[in-house]
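Everything below concerns the one structure shown next.
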Number of protein chains: 4
Amino acid sequence: MTPDTDAKTGLRKIEWAKAHMPVMTEVERQLKENGVLKGVRIGMALHVEAKTAVLAITLKNAGADVRLTGCNPLSTDDSVVAALKEHFRLPVFAKKGESNDEYYAHLRAVLAHNPEYLIDDGGDLISLVHREYSGLLKDIRGANEETTTGIVRLRAMAAEGALKFPVMDVNNAMMKHLFDNRYGTGQSTFDGIFSATNLLIAGKNFVVGGYGWCGRGIAMRAKGLGANVIVTEIDPIKAIEAIHDGFRVMPMIEAVKGADFIVTATGVKDIVRKEHFEAMKDGCVLANSGHFDNEIDVTGLKEMAYDIKKVREMVTEFTMYDGRKVYLLAGGRLVNLAAGQGHPVEIMDLSFAIQALSVKYLLTHEMDAGVHRVPLEMDERVAEIKLKSSGVKIDTLSESQRDYMNSWQEGT
Amino acid sequence: MTPDTDAKTGLRKIEWAKAHMPVMTEVERQLKENGVLKGVRIGMALHVEAKTAVLAITLKNAGADVRLTGCNPLSTDDSVVAALKEHFRLPVFAKKGESNDEYYAHLRAVLAHNPEYLIDDGGDLISLVHREYSGLLKDIRGANEETTTGIVRLRAMAAEGALKFPVMDVNNAMMKHLFDNRYGTGQSTFDGIFSATNLLIAGKNFVVGGYGWCGRGIAMRAKGLGANVIVTEIDPIKAIEAIHDGFRVMPMIEAVKGADFIVTATGVKDIVRKEHFEAMKDGCVLANSGHFDNEIDVTGLKEMAYDIKKVREMVTEFTMYDGRKVYLLAGGRLVNLAAGQGHPVEIMDLSFAIQALSVKYLLTHEMDAGVHRVPLEMDERVAEIKLKSSGVKIDTLSESQRDYMNSWQEGT
Amino acid sequence: MTPDTDAKTGLRKIEWAKAHMPVMTEVERQLKENGVLKGVRIGMALHVEAKTAVLAITLKNAGADVRLTGCNPLSTDDSVVAALKEHFRLPVFAKKGESNDEYYAHLRAVLAHNPEYLIDDGGDLISLVHREYSGLLKDIRGANEETTTGIVRLRAMAAEGALKFPVMDVNNAMMKHLFDNRYGTGQSTFDGIFSATNLLIAGKNFVVGGYGWCGRGIAMRAKGLGANVIVTEIDPIKAIEAIHDGFRVMPMIEAVKGADFIVTATGVKDIVRKEHFEAMKDGCVLANSGHFDNEIDVTGLKEMAYDIKKVREMVTEFTMYDGRKVYLLAGGRLVNLAAGQGHPVEIMDLSFAIQALSVKYLLTHEMDAGVHRVPLEMDERVAEIKLKSSGVKIDTLSESQRDYMNSWQEGT
Amino acid sequence: MTPDTDAKTGLRKIEWAKAHMPVMTEVERQLKENGVLKGVRIGMALHVEAKTAVLAITLKNAGADVRLTGCNPLSTDDSVVAALKEHFRLPVFAKKGESNDEYYAHLRAVLAHNPEYLIDDGGDLISLVHREYSGLLKDIRGANEETTTGIVRLRAMAAEGALKFPVMDVNNAMMKHLFDNRYGTGQSTFDGIFSATNLLIAGKNFVVGGYGWCGRGIAMRAKGLGANVIVTEIDPIKAIEAIHDGFRVMPMIEAVKGADFIVTATGVKDIVRKEHFEAMKDGCVLANSGHFDNEIDVTGLKEMAYDIKKVREMVTEFTMYDGRKVYLLAGGRLVNLAAGQGHPVEIMDLSFAIQALSVKYLLTHEMDAGVHRVPLEMDERVAEIKLKSSGVKIDTLSESQRDYMNSWQEGT
């Protein structure tokens, strides 16, 4: 299947996304009114597909001078790239299936624009500018990072004193991680698995590596689709939560023996590795929903295989010397973006609202170099816009209820 | 997106399906051993995609002389057609997106082969042979029909004395409808919706038209994906079941007012019609998982629309005179096959095992013209093969337990 | 805890039940109007508690001459017995914890009334009259039986030609088994377990013996309460259904090894027996939701135990020679009635509506000796009353939709 | 039903609880070994039932000098009081159904012991000592508080500078609130509702006031029992979470119109009040699972009622002037303790392990007056003991995985 590179297809996808992102529509209105983005050079490295396009266009419409590249070689939608260039005159540097060299060349192309603000996903762009472009650092007023993976890297940098500008921890915003990581990853992982395999989820032993927000989203949806879910964890507290949610918990080395599917979402490398491939059930399907493609040790898998072949568009079959077969989806890259269409539009409406408002926040506040939490008020604002656009009303505290909550003398 | 017509792609899909259909592998072994299919001319009208290909190949490998056409203009996978012709020398008459004329020409091409057995899906082939090819009837020893829709039609024929040969009611086999209609339709409907829309299911008002086996499969999965599900029914008993399963039940005219999604699976026409479009929530997404494309009154929708345009590959936007938009998926044809890949492979393994064994059964038994139930023993046989291939063991009754069940004198 | 024998408590319970049984209220109105029950002597053997009292009173109010006894020595609510006698002048023969001798004496007391109609639960009353009171048979015009267990016994009788009058298979009515067996047993089993143990369900290995309507109700609710559910079955089809519903399926001998709870609902004896007690996990809790108390082999358990003691009101602790403990709830009798309050009121409203209408049906139709299905119309009538009393409206077929369903010529 | 006051019944309940609290067994071992509790005078105000008894006994066994009273007039189990006095020589001051005066007399009796440490539930004891016993404050080394309600009060005190000793915020420990508030309240609320009403949950409109940890536990279980759940909230973020979990969200004034059940769990007063009673559906059942009995405005309800009567042990019927009836469970006090048996034993094993270890922690660390978080290490320790006692193993990070998490230079 040749990727579709038609700008018209891309334009339709962008328009469809925009029509389902009412929060972004309101945020755009507010940013325009506010004016702080006018002329600001923004360099973005995000998955280049329709929803991201809406964020880029929103920032551009609010006056920013935006350049965009991808954050993952497999997640680019070429028709969206074409549409952004042709219909929105927005400079984009990305191509589906680009090589590692091209990937880095594209990051550099964004930095060549001398950006004042970076919007990153996974931390590659921020890492690169610190490692190789220290001359640019003085002009950078701040950045956003939206993944667990990226934040782990940035906190490590900050701990070493290596982080030279303030970064908004978009991932930690409630309106981001509670929804994007959980409901977004939950649904889109299955979009990817359905498309890649046409296999049944119901009745299968479905192993989820990691019970963070992403992992519990995947586990919840696997259960909702009829699977028998097994969770692996390193954190005893999360392990006990998983048990109380009705899942079996065991070490990966036990889990692989009966696994029909294994999906990783941990932010750590080598979750499924040689020792696991060795003990794995014949026919097991492997996929990754974590940011980087190292959660499954693909190199190790290749070394152990007797035969490797592509058996469907997004499925590689590895035949072991003992005849067992293992199927890897999307080469171990994020299955939801590489084999599916990424998070549902409405989820990205929330995440990107936080992104856009975080840019505004950082540009209007004095902040130290380091990783900063998104203020609760921003979460609440986004939530209120979302409720309003959904036509949902909620209760408010009365005066006397508020007093009651602040008093300690009333009791039994 | 141009449909993929490459035989190599099709071959891969067929091999992938075959590798995940262990029950069919065992059935093929039994059919070969038995020999009754040798030389029998079989005309098939089913959704032409990879799993159906496995059924056709299985029958061919067991000695039958098979011709295949589609049962729905939108559900054909052209790469599978190419592979069947090129790699399996199997005559296929089907093309994705064929016109109604082509569709009927293809049915006629299958009948031109003077078939002794028909395998039908929806009842078009059986209906056609009775209406226009009465000369062929004398050679037809029997047929299978696998949909609720088709069986309803055949029972109507039988009631009028119009049905001229025995038909196995494959749909009523437990190993078919309990799994295909429920878990198959349940999952594949969302494969179609995900691919077509990239929209979120969680938190949406999701209306399911009909609470038969298909409808409850869809409702169950919609709930499992986080939707708030509303069911519409005409049967008071099923309505009360739906309520006890935690769903809201109301007339369609009420349901449409807050609906984000409406999916029909009733086997009846005009489930969503003009009066409903009129009252429908802005932005509502309409899809059909029933066999025929008349459950949503597309003609009526077109008449009411001010503007109609294709906004994504499988999404048509209808703009009403008052500005409301309604989105129709896959033109109202079965969303799971037209926008998705159809039922999961493992489900079709069960359904097609019943199909293949039903051919054998009818050919080895004297049966009257009319609709016949699949014998319970066949269901149990298929279930046992499935359990064995899954490595699952179950209990058996002891002698004394069996006696106990047959005795009436023991009590408190 | 001494059982409460206060008629005032019983009266309150009956009134509470009656207030939540709107279908019975309508049925009573219809029976009175119809008049066919006037003077008919009815002998009832049902669990004597508040909801049953409403059925007895309804029949009495409609003119019948009713006598009532229990169908299980542990399920009687003495306060309801007192209230029926004192406030409704209805002859009742039952006592909580009565001996086996008393139990049979009470059945005989009901037969002493020379009944014309029997309403039975489990089949003891009908069995007894055939075995020992053949003189009474000529006056008996028919009977109802409402349990799977009872129907199995009666079909065995009928197969031997031993059943001498017509019996309405109330259990098979959809408005009975779909709701009573599934949602009724599902909830009430946990009412019993909660009260008896105060133990947590979430995160536990919960084994359900049998995946019939009762078993799937229990499994569904165990899952809904956070358990990890394992199903045991002898039927391969039901086993595969259970797997597709997300449950593990294995033989009981495997299941017991990790079981925290085992609940039986099969209608067969010796489901959990010596070989299982031997392999059972330390601390396992055993309960039965089937009609008779022989699904768990309590005799065998006693023989194997080193020490037996009551550790809570409804819990007996069996200590094995190797130190393992096994806890038996309610002595192996139906845990939902013996340790809980039985099925929820609204469920019995449906079941008892079928009971009352079945009496009327049999008395107004000529029927042969044997087991008879409840006609679908009765189910639909009860469903309609239920919908109406719940304020729920549903759709109806239009003329053209009805025609469509009856036609076979329309197609693609 | 007269409360059971038999010490033997109480002893059995305590032994049953102890047998299902393996974490407490290990904690007792550690506390004895450590010795820091020896001779410490501890005053406890908790729900006096079997599980609390295990905590009191554990502290006593570790050398503390313990006095116990209740924290809620309706939640005391008199048989446990008797057993604690008779079998464990532990001074207890509590009686089921005690008056408000008795309640406060009992709190004072505990303070009369000149305690060095307080363990509180709801904050009444800590509040009282500050308001009326300032002379005792100098000897108090610290306290625990385990409810959301109590912590809200204590933070208010601390904010005013009124809190005079350090308090461990046991509620905020993950091994407490993630399990106790969510899975504990979730299950025990239904234990209470089942026992009080014998009504069906499936198919009912079930309104949950508040979507905090308690509220989501209740909502999750109501859904698991087949209800159609509606959530009310004041926090827009939680409201959107509830929507994505598949629940309807609306203001209480809308929710009451169709509500069959309303359960509050907010920590705020007057959640259901006069305006709501006025609009409420006939037959609605009201219950509270929050700490104090003011979440439902019972006074207002009484004022509006034409007739008030007790219709079951734990159900009061309020008849309005327009004939509608409203049923209040347990007088508006915590339904899970007043009408049920409180949280499942295994849940309290976790919560009380945190309680006991918090006492040890505070006594071995210098801490300022104020509310203190429980350290993460304590949570992890309790989780590890729990996993071990459950026989569950989990994964551990390898050296290279740990390095990876701390590095920021690796990327795509």
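Ordering of the structure tokens sets the chain letters (A, B, ...), residue numbers begin anew at 1 in every chain, and ligands are numbered from 1 in the order given.
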
**OP:** Enumerate the residues of stretch 128-377 of chain D with a DSSP assignment of strand (DSSP E), computed from the backbone, and present them as an MDAnalysis selection string.
**Re:** chainID D and resid 142:145 166:169 205:209 228:232 248:249 261:264 284:288 305:312 315:320 325:329 370:373

For stretch 144-149 of chain C: contacts at 9 Å, only C-alpha atoms, fewer than 6 positions along chain excluded, given as a JSON list (two decimals) with C-alpha atoms, in the first residue's frame:
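Output (selection_2.json):
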[["chain", "number", "residue", "atom", "x", "y", "z"],
["B", 405, "MET", "CA", -29.58, -35.79, 36.09],
["C", 117, "TYR", "CA", -52.98, -27.13, 41.70],
["C", 118, "LEU", "CA", -49.35, -27.31, 42.84],
["C", 119, "ILE", "CA", -46.74, -24.60, 42.68],
["C", 120, "ASP", "CA", -43.37, -26.18, 43.20],
["C", 121, "ASP", "CA", -39.73, -25.12, 43.40],
["C", 122, "GLY", "CA", -37.22, -27.91, 42.95],
["C", 123, "GLY", "CA", -39.79, -30.65, 42.34],
["C", 126, "ILE", "CA", -44.63, -33.00, 42.72],
["C", 166, "PRO", "CA", -49.58, -31.10, 32.99],
["C", 167, "VAL", "CA", -46.82, -28.92, 34.38],
["C", 168, "MET", "CA", -46.04, -25.40, 33.23],
["C", 169, "ASP", "CA", -42.30, -24.99, 32.79],
["C", 170, "VAL", "CA", -42.17, -21.58, 34.41],
["C", 171, "ASN", "CA", -38.38, -21.74, 34.45],
["C", 172, "ASN", "CA", -38.25, -21.68, 30.70],
["C", 176, "LYS", "CA", -38.32, -15.82, 34.30],
["C", 177, "HIS", "CA", -34.97, -17.40, 33.45],
["C", 181, "ASN", "CA", -31.61, -16.95, 36.99],
["C", 266, "THR", "CA", -25.11, -26.34, 37.95],
["C", 267, "GLY", "CA", -28.12, -28.40, 39.01],
["C", 268, "VAL", "CA", -25.81, -31.41, 39.28],
["C", 290, "GLY", "CA", -27.92, -24.17, 42.97],
["C", 291, "HIS", "CA", -31.23, -25.46, 44.25],
["C", 292, "PHE", "CA", -30.10, -28.52, 46.20],
["C", 351, "SER", "CA", -41.08, -14.49, 37.97],
["C", 355, "GLN", "CA", -46.31, -18.07, 38.00],
["C", 358, "SER", "CA", -49.37, -19.84, 34.31],
["C", 359, "VAL", "CA", -51.94, -21.02, 36.84]]

Subject >> chain C contacts on chain B, only C-alpha atoms, 6 Å, as an NGL selection string >> reply: :B and (124 or 153 or 156 or 233-234 or 236-237 or 250-251 or 383-384 or 393-396 or 406 or 408 or 411)

**OP:** Could you give me the residues within stretch 156-343 of chain D that DSSP places in alpha helix (DSSP H), as number ranges by chain?
**Re:** D: 156-159, 174-176, 185-197, 213-224, 236-244, 252-255, 274-279, 298-304, 335-338

Original post:
Looking at only C-alpha atoms, which of D:Ala259, D:Ala227, D:Gly39, D:Asp349 is the one that sits closest to D:Phe247?
Top reply: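 Using only C-alpha atoms, the shortest distance to D:Phe247 belongs to D:Ala227.
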
**OP:** Show which residues sit within 8 Å of C:Ser188, as JSON, numbers by chain. Count only C-alpha atoms, and ignore same-chain residues fewer than 5 positions away.
**Re:** {"C": [336, 337, 340, 341, 342, 343, 344]}
